[in-house]
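Dumped target02.txt below, it's compact mmCIF, C-alpha atoms and all ligand atoms:
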# COMPACT_ATOMS: atom_id res chain seq x y z
CA MET A 1002 0.00 0.00 0.00
CA SER A 1003 2.79 2.42 0.87
CA ILE A 1004 4.40 1.82 -2.49
CA THR A 1005 1.10 2.54 -4.23
CA HIS A 1006 0.87 5.96 -2.65
CA SER A 1007 4.34 7.00 -3.64
CA ILE A 1008 4.00 6.04 -7.27
CA ILE A 1009 0.38 6.89 -7.98
CA GLN A 1010 -0.34 10.59 -8.14
CA GLN A 1011 -3.45 10.62 -5.95
CA ASP A 1012 -4.26 14.32 -6.20
CA LEU A 1013 -4.49 14.35 -9.98
CA SER A 1014 -6.07 10.96 -10.47
CA LEU A 1015 -9.81 10.81 -10.95
CA ASP A 1016 -11.39 9.43 -7.83
CA ALA A 1017 -13.79 6.52 -8.06
CA LYS A 1018 -16.80 8.72 -7.32
CA THR A 1019 -16.10 11.19 -10.13
CA LEU A 1020 -15.52 8.34 -12.55
CA ARG A 1021 -18.76 6.67 -11.49
CA ARG A 1022 -20.69 9.90 -12.00
CA GLN A 1023 -19.22 10.35 -15.49
CA PHE A 1024 -20.00 6.74 -16.28
CA ALA A 1025 -23.65 7.22 -15.26
CA HIS A 1026 -23.90 10.43 -17.27
CA ASP A 1027 -22.36 8.91 -20.42
CA VAL A 1028 -24.46 5.73 -20.26
CA LEU A 1029 -27.67 7.74 -19.89
CA LYS A 1030 -26.66 9.93 -22.82
CA GLY A 1031 -25.51 7.04 -25.01
CA LEU A 1032 -28.55 4.85 -24.46
CA SER A 1033 -30.99 7.73 -24.95
CA GLN A 1034 -29.93 8.38 -28.54
CA PRO A 1035 -31.81 6.95 -31.54
CA HIS A 1036 -28.63 5.00 -32.38
CA LYS A 1037 -27.56 3.69 -29.00
CA SER A 1038 -23.90 3.67 -28.05
CA ILE A 1039 -21.62 3.42 -25.02
CA PRO A 1040 -18.12 5.02 -25.04
CA CYS A 1041 -15.53 2.27 -25.30
CA LYS A 1042 -13.36 3.69 -22.52
CA TYR A 1043 -15.84 2.20 -20.04
CA ILE A 1044 -14.92 -1.31 -21.12
CA TYR A 1045 -11.74 -0.95 -19.06
CA ASP A 1046 -12.65 -1.59 -15.46
CA GLU A 1047 -10.59 -4.18 -13.56
CA ARG A 1048 -12.23 -7.10 -15.36
CA GLY A 1049 -12.11 -5.34 -18.74
CA SER A 1050 -8.40 -4.61 -18.34
CA GLU A 1051 -7.81 -8.25 -17.40
CA LEU A 1052 -9.70 -9.44 -20.46
CA PHE A 1053 -7.77 -7.04 -22.66
CA CYS A 1054 -4.53 -8.61 -21.38
CA LYS A 1055 -5.92 -11.96 -22.54
CA ILE A 1056 -6.81 -10.46 -25.93
CA MET A 1057 -3.22 -9.32 -26.38
CA GLU A 1058 -2.13 -12.96 -25.99
CA LEU A 1059 -4.59 -14.31 -28.56
CA PRO A 1060 -3.15 -15.76 -31.77
CA GLU A 1061 -5.75 -13.82 -33.80
CA TYR A 1062 -4.94 -10.44 -32.22
CA TYR A 1063 -1.83 -9.69 -34.29
CA LEU A 1064 -1.57 -6.04 -33.19
CA THR A 1065 0.36 -6.64 -29.98
CA ASP A 1066 2.84 -9.09 -31.49
CA CYS A 1067 3.47 -6.74 -34.38
CA GLU A 1068 4.08 -3.76 -32.16
CA LYS A 1069 6.38 -5.74 -29.87
CA ASN A 1070 8.25 -6.92 -32.93
CA SER A 1071 8.54 -3.37 -34.27
CA LEU A 1072 9.77 -1.97 -30.93
CA ASP A 1073 12.22 -4.82 -30.58
CA ILE A 1074 13.69 -4.34 -34.06
CA HIS A 1075 13.95 -0.56 -33.74
CA LYS A 1076 14.66 0.03 -30.05
CA ASP A 1077 18.28 1.06 -30.75
CA VAL A 1078 17.43 3.77 -33.22
CA ILE A 1079 14.46 4.92 -31.14
CA SER A 1080 16.59 5.37 -28.04
CA ASP A 1081 19.38 7.05 -30.03
CA THR A 1082 16.92 9.47 -31.58
CA ILE A 1083 15.20 10.52 -28.38
CA GLY A 1084 18.56 11.07 -26.70
CA ARG A 1085 19.79 10.58 -23.14
CA GLY A 1086 18.96 13.94 -21.56
CA HIS A 1087 16.48 13.96 -18.69
CA SER A 1088 12.98 13.22 -19.96
CA ASN A 1089 9.47 12.29 -18.98
CA LEU A 1090 8.36 9.09 -20.68
CA ILE A 1091 4.60 9.51 -20.61
CA GLU A 1092 2.32 6.74 -21.75
CA LEU A 1093 -1.34 7.36 -22.60
CA GLY A 1094 -3.51 4.28 -22.09
CA ALA A 1095 -0.62 2.30 -20.67
CA GLY A 1096 -2.62 -0.83 -19.83
CA ASP A 1097 -0.28 -3.60 -18.68
CA GLY A 1098 2.70 -1.81 -20.26
CA MET A 1099 4.22 -5.04 -21.57
CA LYS A 1100 5.10 -3.53 -24.95
CA THR A 1101 6.55 -0.47 -23.28
CA LYS A 1102 8.73 -2.67 -21.10
CA ILE A 1103 10.80 -3.50 -24.17
CA LEU A 1104 11.62 0.19 -24.48
CA ILE A 1105 12.00 0.86 -20.75
CA ARG A 1106 14.44 -2.01 -20.31
CA HIS A 1107 16.47 -0.81 -23.26
CA LEU A 1108 16.58 2.81 -22.07
CA LEU A 1109 17.64 1.70 -18.59
CA GLU A 1110 20.37 -0.55 -19.98
CA ARG A 1111 21.70 2.44 -21.86
CA ASP A 1112 21.61 4.69 -18.81
CA HIS A 1113 18.98 7.06 -20.09
CA ASP A 1114 17.80 9.51 -17.47
CA PHE A 1115 13.98 9.45 -17.41
CA ARG A 1116 10.93 8.97 -15.29
CA TYR A 1117 8.04 6.86 -16.46
CA CYS A 1118 4.49 8.25 -16.19
CA PRO A 1119 1.82 5.71 -17.15
CA ILE A 1120 -1.68 7.15 -17.53
CA ASP A 1121 -4.67 4.84 -17.65
CA ILE A 1122 -8.38 5.00 -16.92
CA SER A 1123 -8.16 1.69 -15.06
CA GLU A 1124 -6.84 2.04 -11.51
CA SER A 1125 -5.96 -1.64 -11.31
CA ALA A 1126 -3.93 -1.34 -14.53
CA VAL A 1127 -1.88 1.60 -13.19
CA VAL A 1128 -1.38 -0.03 -9.78
CA ASN A 1129 -0.35 -3.40 -11.21
CA LEU A 1130 1.95 -1.91 -13.83
CA SER A 1131 3.62 0.42 -11.33
CA HIS A 1132 4.17 -2.40 -8.84
CA CYS A 1133 5.46 -4.73 -11.48
CA LEU A 1134 7.99 -2.19 -12.80
CA ASN A 1135 8.94 -1.10 -9.30
CA ARG A 1136 9.75 -4.68 -8.38
CA GLU A 1137 11.80 -5.25 -11.50
CA TYR A 1138 13.51 -1.85 -11.69
CA PRO A 1139 13.64 -0.36 -8.17
CA ALA A 1140 15.73 2.58 -9.38
CA LEU A 1141 13.18 3.63 -12.02
CA GLU A 1142 11.16 6.68 -11.02
CA ILE A 1143 7.47 6.03 -11.71
CA LYS A 1144 4.54 8.42 -11.48
CA GLY A 1145 1.22 6.85 -12.40
CA LEU A 1146 -2.03 8.68 -13.10
CA VAL A 1147 -5.49 7.15 -13.05
CA THR A 1148 -7.44 9.26 -15.49
CA ASP A 1149 -8.74 9.56 -19.04
CA TYR A 1150 -6.82 10.95 -22.02
CA PHE A 1151 -8.16 14.46 -21.69
CA GLN A 1152 -7.28 14.90 -18.03
CA GLY A 1153 -4.01 13.23 -18.92
CA LEU A 1154 -3.28 15.99 -21.43
CA ALA A 1155 -4.11 18.66 -18.86
CA TRP A 1156 -1.48 17.13 -16.60
CA LEU A 1157 0.92 16.78 -19.50
CA SER A 1158 0.73 20.50 -20.25
CA GLN A 1159 2.26 21.16 -16.82
CA GLN A 1160 5.32 19.03 -17.51
CA ASN A 1161 7.66 21.67 -18.86
CA ASN A 1162 10.62 20.82 -16.68
CA SER A 1163 12.18 18.41 -19.14
CA LYS A 1164 11.77 16.92 -22.56
CA ASN A 1165 8.54 14.94 -22.95
CA ILE A 1166 8.37 11.70 -24.85
CA VAL A 1167 4.75 10.68 -25.22
CA LEU A 1168 3.84 7.09 -26.03
CA PHE A 1169 0.45 6.43 -27.54
CA LEU A 1170 0.79 2.81 -28.56
CA GLY A 1171 -1.40 -0.11 -29.52
CA SER A 1172 -3.37 1.79 -32.17
CA ASN A 1173 -5.39 3.31 -29.34
CA ILE A 1174 -5.78 6.31 -31.67
CA GLY A 1175 -8.02 4.04 -33.78
CA ASN A 1176 -10.82 4.31 -31.22
CA PHE A 1177 -11.41 7.95 -32.15
CA LEU A 1178 -13.52 9.08 -35.07
CA PRO A 1179 -11.22 10.64 -37.70
CA HIS A 1180 -12.08 14.24 -36.80
CA GLU A 1181 -11.79 13.45 -33.09
CA ALA A 1182 -8.37 11.93 -33.69
CA ILE A 1183 -7.23 15.15 -35.36
CA ASP A 1184 -8.62 17.30 -32.54
CA PHE A 1185 -7.03 15.05 -29.95
CA LEU A 1186 -3.61 15.16 -31.62
CA LYS A 1187 -3.82 18.96 -31.95
CA HIS A 1188 -4.66 19.16 -28.29
CA LEU A 1189 -1.81 16.79 -27.49
CA ARG A 1190 0.55 18.93 -29.57
CA GLU A 1191 -0.53 22.00 -27.60
CA SER A 1192 0.09 20.19 -24.34
CA ILE A 1193 3.77 19.58 -25.10
CA ASN A 1194 6.68 21.70 -26.25
CA LYS A 1195 8.43 22.17 -29.54
CA GLY A 1196 11.01 19.41 -29.91
CA ASP A 1197 9.12 16.91 -27.73
CA TYR A 1198 8.42 13.50 -29.23
CA LEU A 1199 5.34 11.38 -29.79
CA LEU A 1200 5.66 7.68 -30.57
CA ILE A 1201 2.29 6.67 -31.90
CA GLY A 1202 1.09 3.23 -33.03
CA PHE A 1203 -1.20 2.70 -36.02
CA ASP A 1204 -2.70 -0.58 -37.12
CA LEU A 1205 -2.43 -0.59 -40.90
CA LYS A 1206 -5.11 -1.60 -43.39
CA LYS A 1207 -4.51 -5.14 -44.53
CA ASP A 1208 -6.28 -8.31 -45.65
CA ILE A 1209 -9.87 -7.96 -44.45
CA ASN A 1210 -10.14 -11.48 -43.03
CA THR A 1211 -7.02 -10.94 -40.94
CA MET A 1212 -8.50 -7.78 -39.45
CA VAL A 1213 -11.94 -9.31 -38.88
CA ARG A 1214 -10.47 -12.41 -37.21
CA ALA A 1215 -8.56 -10.22 -34.73
CA TYR A 1216 -11.92 -9.07 -33.34
CA ASN A 1217 -13.66 -12.45 -33.61
CA ASP A 1218 -11.35 -14.84 -31.79
CA ALA A 1219 -12.18 -18.53 -31.60
CA GLN A 1220 -12.22 -18.57 -27.77
CA GLY A 1221 -14.74 -15.74 -27.58
CA ILE A 1222 -12.56 -13.59 -25.33
CA THR A 1223 -13.31 -10.44 -27.33
CA GLU A 1224 -17.02 -11.07 -26.92
CA GLN A 1225 -16.56 -11.37 -23.13
CA PHE A 1226 -14.48 -8.19 -23.20
CA ILE A 1227 -17.11 -6.13 -25.00
CA ILE A 1228 -20.05 -7.65 -23.09
CA ASN A 1229 -18.26 -6.73 -19.86
CA ILE A 1230 -19.55 -3.22 -20.41
CA LEU A 1231 -23.08 -4.45 -19.69
CA SER A 1232 -21.93 -6.36 -16.58
CA ARG A 1233 -20.19 -3.21 -15.45
CA ILE A 1234 -23.44 -1.25 -15.83
CA ASN A 1235 -25.13 -3.98 -13.78
CA ARG A 1236 -22.41 -3.88 -11.11
CA GLU A 1237 -21.87 -0.15 -10.80
CA LEU A 1238 -25.13 1.44 -11.90
CA GLY A 1239 -27.65 -1.12 -10.75
CA GLY A 1240 -28.43 -2.22 -14.29
CA GLU A 1241 -30.62 -5.22 -14.98
CA PHE A 1242 -29.12 -6.38 -18.28
CA ASP A 1243 -29.58 -10.07 -19.04
CA LEU A 1244 -26.28 -10.79 -20.79
CA ASP A 1245 -27.81 -13.71 -22.68
CA CYS A 1246 -30.14 -11.32 -24.47
CA PHE A 1247 -27.34 -9.52 -26.32
CA ARG A 1248 -24.82 -10.84 -28.79
CA TYR A 1249 -21.51 -9.41 -29.85
CA TYR A 1250 -21.08 -8.63 -33.53
CA SER A 1251 -18.13 -6.98 -35.20
CA THR A 1252 -17.47 -6.29 -38.84
CA TRP A 1253 -15.23 -4.42 -41.26
CA ASP A 1254 -16.81 -1.18 -42.41
CA ALA A 1255 -15.03 -0.70 -45.73
CA LEU A 1256 -16.27 2.83 -46.31
CA SER A 1257 -14.99 4.24 -43.03
CA GLY A 1258 -12.02 1.86 -42.83
CA ALA A 1259 -12.76 0.56 -39.36
CA ILE A 1260 -13.68 -2.57 -37.49
CA LYS A 1261 -16.98 -1.69 -35.83
CA SER A 1262 -18.17 -3.59 -32.79
CA TYR A 1263 -21.73 -3.83 -31.58
CA LEU A 1264 -23.93 -5.52 -29.02
CA ILE A 1265 -27.18 -6.58 -30.66
CA SER A 1266 -30.39 -7.25 -28.77
CA THR A 1267 -31.62 -10.79 -29.46
CA CYS A 1268 -35.22 -10.05 -28.44
CA ASP A 1269 -37.63 -7.22 -27.66
CA GLN A 1270 -36.76 -6.16 -24.14
CA LYS A 1271 -36.87 -3.41 -21.59
CA VAL A 1272 -33.89 -2.94 -19.27
CA HIS A 1273 -34.03 -0.92 -16.08
CA ILE A 1274 -30.94 0.85 -14.72
CA ARG A 1275 -31.70 1.74 -11.11
CA HIS A 1276 -29.10 4.46 -10.53
CA LEU A 1277 -30.28 6.24 -13.68
CA LYS A 1278 -33.92 5.80 -12.66
CA THR A 1279 -34.58 4.95 -16.30
CA SER A 1280 -35.69 1.99 -18.38
CA PHE A 1281 -34.44 1.54 -21.93
CA THR A 1282 -36.28 -0.42 -24.59
CA PHE A 1283 -34.41 -2.55 -27.10
CA ASN A 1284 -36.13 -4.01 -30.12
CA HIS A 1285 -35.08 -7.40 -31.42
CA GLY A 1286 -32.03 -6.65 -33.60
CA GLU A 1287 -31.42 -3.21 -32.15
CA VAL A 1288 -27.80 -2.23 -31.91
CA ILE A 1289 -25.57 -0.67 -29.23
CA HIS A 1290 -22.40 0.61 -30.86
CA THR A 1291 -19.54 -0.16 -28.47
CA GLU A 1292 -16.31 0.44 -30.35
CA SER A 1293 -14.72 1.48 -33.63
CA SER A 1294 -11.15 0.46 -34.39
CA TYR A 1295 -9.97 2.51 -37.35
CA LYS A 1296 -7.20 1.15 -39.54
CA PHE A 1297 -4.79 3.38 -41.45
CA THR A 1298 -2.61 3.72 -44.51
CA THR A 1299 0.84 5.26 -44.08
CA ASP A 1300 -0.40 8.19 -46.19
CA GLN A 1301 -3.20 8.81 -43.72
CA CYS A 1302 -0.65 8.75 -40.88
CA SER A 1303 1.54 11.32 -42.63
CA LEU A 1304 -1.43 13.56 -43.25
CA MET A 1305 -2.42 13.37 -39.59
CA ALA A 1306 1.06 14.39 -38.47
CA GLU A 1307 1.06 17.28 -40.92
CA GLU A 1308 -2.37 18.52 -39.87
CA THR A 1309 -1.64 18.46 -36.17
CA GLY A 1310 1.71 20.24 -35.84
CA PHE A 1311 4.12 17.34 -35.99
CA GLU A 1312 6.78 16.13 -38.37
CA ILE A 1313 7.47 12.45 -38.90
CA VAL A 1314 10.97 11.52 -37.79
CA GLU A 1315 10.69 7.90 -38.83
CA ASN A 1316 8.23 5.05 -39.29
CA TYR A 1317 9.07 1.79 -37.57
CA PHE A 1318 7.37 -1.21 -39.12
CA ASP A 1319 7.17 -4.82 -37.96
CA ASP A 1320 8.46 -7.66 -40.15
CA ARG A 1321 5.12 -8.10 -41.89
CA ASN A 1322 4.31 -4.39 -42.35
CA TYR A 1323 1.06 -4.92 -40.47
CA PHE A 1324 1.61 -2.14 -37.97
CA VAL A 1325 3.64 1.03 -37.66
CA ASP A 1326 5.03 2.87 -34.66
CA SER A 1327 5.58 6.34 -36.00
CA LEU A 1328 7.97 8.72 -34.24
CA TRP A 1329 6.82 12.32 -34.52
CA ILE A 1330 8.49 15.51 -33.33
CA ALA A 1331 6.50 18.56 -32.27
CA ILE A 1332 7.29 21.50 -34.58
C1 LIG B 1401 -6.89 -1.19 -27.31
C2 LIG B 1401 -8.30 0.11 -28.69
C3 LIG B 1401 -6.32 -0.82 -29.59
O1 LIG B 1401 -9.29 -1.47 -30.95
O2 LIG B 1401 -7.90 -3.09 -31.27
C4 LIG B 1401 -9.34 -5.23 -28.87
C5 LIG B 1401 -9.29 -2.71 -28.23
N1 LIG B 1401 -11.20 -4.17 -28.91
N2 LIG B 1401 -10.30 -6.07 -29.24
C6 LIG B 1401 -8.48 -2.30 -30.54
C7 LIG B 1401 -9.92 -4.01 -28.67
C8 LIG B 1401 -11.43 -5.45 -29.25
C9 LIG B 1401 -8.12 -2.32 -29.07
N3 LIG B 1401 -7.44 -1.07 -28.65

For this file, write the structure as structure tokens.
Amino acid sequence: MSITHSIIQQDLSLDAKTLRRQFAHDVLKGLSQPHKSIPCKYIYDERGSELFCKIMELPEYYLTDCEKNSLDIHKDVISDTIGRGHSNLIELGAGDGMKTKILIRHLLERDHDFRYCPIDISESAVVNLSHCLNREYPALEIKGLVTDYFQGLAWLSQQNNSKNIVLFLGSNIGNFLPHEAIDFLKHLRESINKGDYLLIGFDLKKDINTMVRAYNDAQGITEQFIINILSRINRELGGEFDLDCFRYYSTWDALSGAIKSYLISTCDQKVHIRHLKTSFTFNHGEVIHTESSYKFTTDQCSLMAEETGFEIVENYFDDRNYFVDSLWIAI
């Protein structure tokens, strides 16, 4: 417990109550629209984060392997480029940080002077990651933040004391709508200083079956992961969802270039959510949109950098060219 307090920034982290209130607000808003939706960030409670760790191990979910492969191949040039001067290594949506560990280990071996600041919406993810790194690298300075991306950027804008190196890995950017992604990156650019770096992961467009399979694994872990959002509503908001009355469906939307994930009602039903004092009706076949995972071409990535105040330093691909970690510098 004492370790937790020293490495988790309590004052800036969102407390459980605030998060719960936001959750209630966003669920009410999302389920009241003609096209129902729930923001995907709420998938990541303790159970959701655990299930996502399992997803990263799945044979079908190529993204993690590709990104590990890319970081492993290019870790020398990445660490040479970012330099050894004192820096903040800030990770947005750190999760279990296993990919980042490749980089952290390498930087430590080469005596880079940095502190690591993982930011994640899941408290358990930040606590576990911080403990795990603390145990393995006692000399590494860690400052974890439990919060969402936007609060994370607000904190980031205060970090002017040294060079910032922001990690936004895993193609987490793919969860934003295209215009939201641009706004977010502009905001991120404004939160850092000229000369700071952003290492950002993009899952690239590829064979459609390969992409679809990554979100439809044989063991059904992805289904459990997405459906967890309904269990979370039941647990935290007094929802009365019968999980057997919804099925997970995800598909490639060729026009928008994204895998879109949905929960589809398998019957006509009415679901009460006690803390919202509201019942929601679902017709048989009605859809709750839960997540979009946009896929990119390298041209799209370049355009995004250009439009948001960055310059591409280099693109680091994996062996199969499935994924790119792109190193950008703030200009
Ligand atoms: C963590 C957002 C990158 O979109 O691929 C995995 C989440 N959803 N399987 C993704 C996810 C279903 C993942 N990201």

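Residues in contact with ligand LIG 1401 (chain B) comprise Gly1171, Ser1172, Asn1173, Asn1176, Tyr1216, Thr1223 and Ser1294 of chain A, where contact means an atom-to-atom distance of at most 6 Å counting all atoms listed in the file.
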
Measuring atom to atom with all atoms listed in the file, identify which of A:Ile1074, A:Leu1108, A:Leu1093, A:Leu1238 is nearest to Lys1018 of chain A.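 Between A:Ile1074, A:Leu1108, A:Leu1093, A:Leu1238, the residue approaching Lys1018 of chain A most closely is A:Leu1238.
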
Please build the interface table for segment 1124-1177 of chain A against segment 1077-1086 of chain A with a cut-off of 10 Å, listing for each qualifying residue the nearest atom pair and the distance in Å to one decimal; count all atoms listed in the file, order rows by chain and increasing number, and write it as JSON lines.
{"residue": "A:Ser1163", "atom": "CA", "partner": "A:Gly1086", "partner_atom": "CA", "distance": 8.5}
{"residue": "A:Lys1164", "atom": "CA", "partner": "A:Gly1086", "partner_atom": "CA", "distance": 7.8}
{"residue": "A:Asn1165", "atom": "CA", "partner": "A:Ile1083", "partner_atom": "CA", "distance": 9.7}
{"residue": "A:Ile1166", "atom": "CA", "partner": "A:Ile1083", "partner_atom": "CA", "distance": 7.8}

Go ahead and compute the interatomic distance for atom CA of Ala1126 of chain A and atom CA of Thr1148 of chain A, in Å to one decimal.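 Separating atom CA of Ala1126 of chain A from atom CA of Thr1148 of chain A is a distance of 11.2 Å.
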
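Residues in contact range of Asn1161 of chain A, defined as at most 10 Å between all atoms listed in the file, with sequence neighbours fewer than 4 positions away removed, read Asn1089, Leu1157, Asn1165, Ser1192, Ile1193 and Asn1194 of chain A.
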
Could I get the residues of segment 1119-1210 of chain A with an atom no further than 9 Å from an atom of segment 1029-1045 of chain A, each paired with its nearest atom pair and that distance in Å to one decimal, using all atoms listed in the file, sorted by chain and residue number, as a tab-separated table?
residue	atom	partner	partner_atom	distance
A:Ile1122	CA	A:Tyr1045	CA	7.2
A:Ser1123	CA	A:Tyr1045	CA	6.0
A:Asp1149	CA	A:Lys1042	CA	8.2
A:Asn1176	CA	A:Cys1041	CA	7.8

Write the residues of the preceding selection, restricted to C-alpha atoms, as a PDB file, in the coordinates of the input.
ATOM      1  CA  ILE A1122      -8.380   5.000 -16.920  1.00  0.00           C
ATOM      2  CA  SER A1123      -8.160   1.690 -15.060  1.00  0.00           C
ATOM      3  CA  ASP A1149      -8.740   9.560 -19.040  1.00  0.00           C
ATOM      4  CA  ASN A1176     -10.820   4.310 -31.220  1.00  0.00           C
TER       5      ASN A1176
END

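Checking A:Ser1131, A:Asn1284, A:Gln1159, A:Thr1065 one by one against Lys1100 of chain A, counting only C-alpha atoms, you find the shortest gap at A:Thr1065.
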
Nearest residue to Ile1313 of chain A from the set A:Ile1289, A:Leu1199, A:Ile1230, A:Ile1209 (distances using all atoms listed in the file):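 That would be A:Leu1199, the residue with the smallest distance to Ile1313 of chain A.
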
Among listed residues A:Pro1119, A:Gly1240, A:Gly1196, A:Gly1310, nearest Ile1009 of chain A (using all atoms listed in the file): A:Pro1119

For the atom pair atom CA of Pro1060 of chain A and atom CA of Ile1103 of chain A, what is the interatomic distance in Å to one decimal place?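 Answer for the atom CA of Pro1060 of chain A to atom CA of Ile1103 of chain A separation: 20.1 Å.
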
Measure the distance from atom CA of Leu1328 of chain A to atom CA of Glu1315 of chain A in Å and round it to one decimal. 5.4 Å

Exercise: residues within 6 Å of coordinate (2.7, 8.1, -24.8), counting all atoms listed in the file, as number ranges by chain: A: 1091-1093, 1167-1169

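For the set A:Leu1264, A:Tyr1150, A:Arg1275, A:Asp1066, the residue with the smallest atom-to-atom gap to Ile1234 of chain A is A:Arg1275, counting only C-alpha atoms.
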
If we count all atoms listed in the file, what is near Ala1017 of chain A at a cut-off of 12 Å, once residues fewer than 3 positions away on the same chain are taken out, given as a PyMOL selection string? chain A and resi 1011+1014+1020-1024+1046+1122-1125+1147-1148+1237

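You can rank A:Thr1211, A:Phe1203, A:Gln1225, A:Gly1096 by their closest distance to Leu1052 of chain A using all atoms listed in the file, and at the top of that list sits A:Gln1225.
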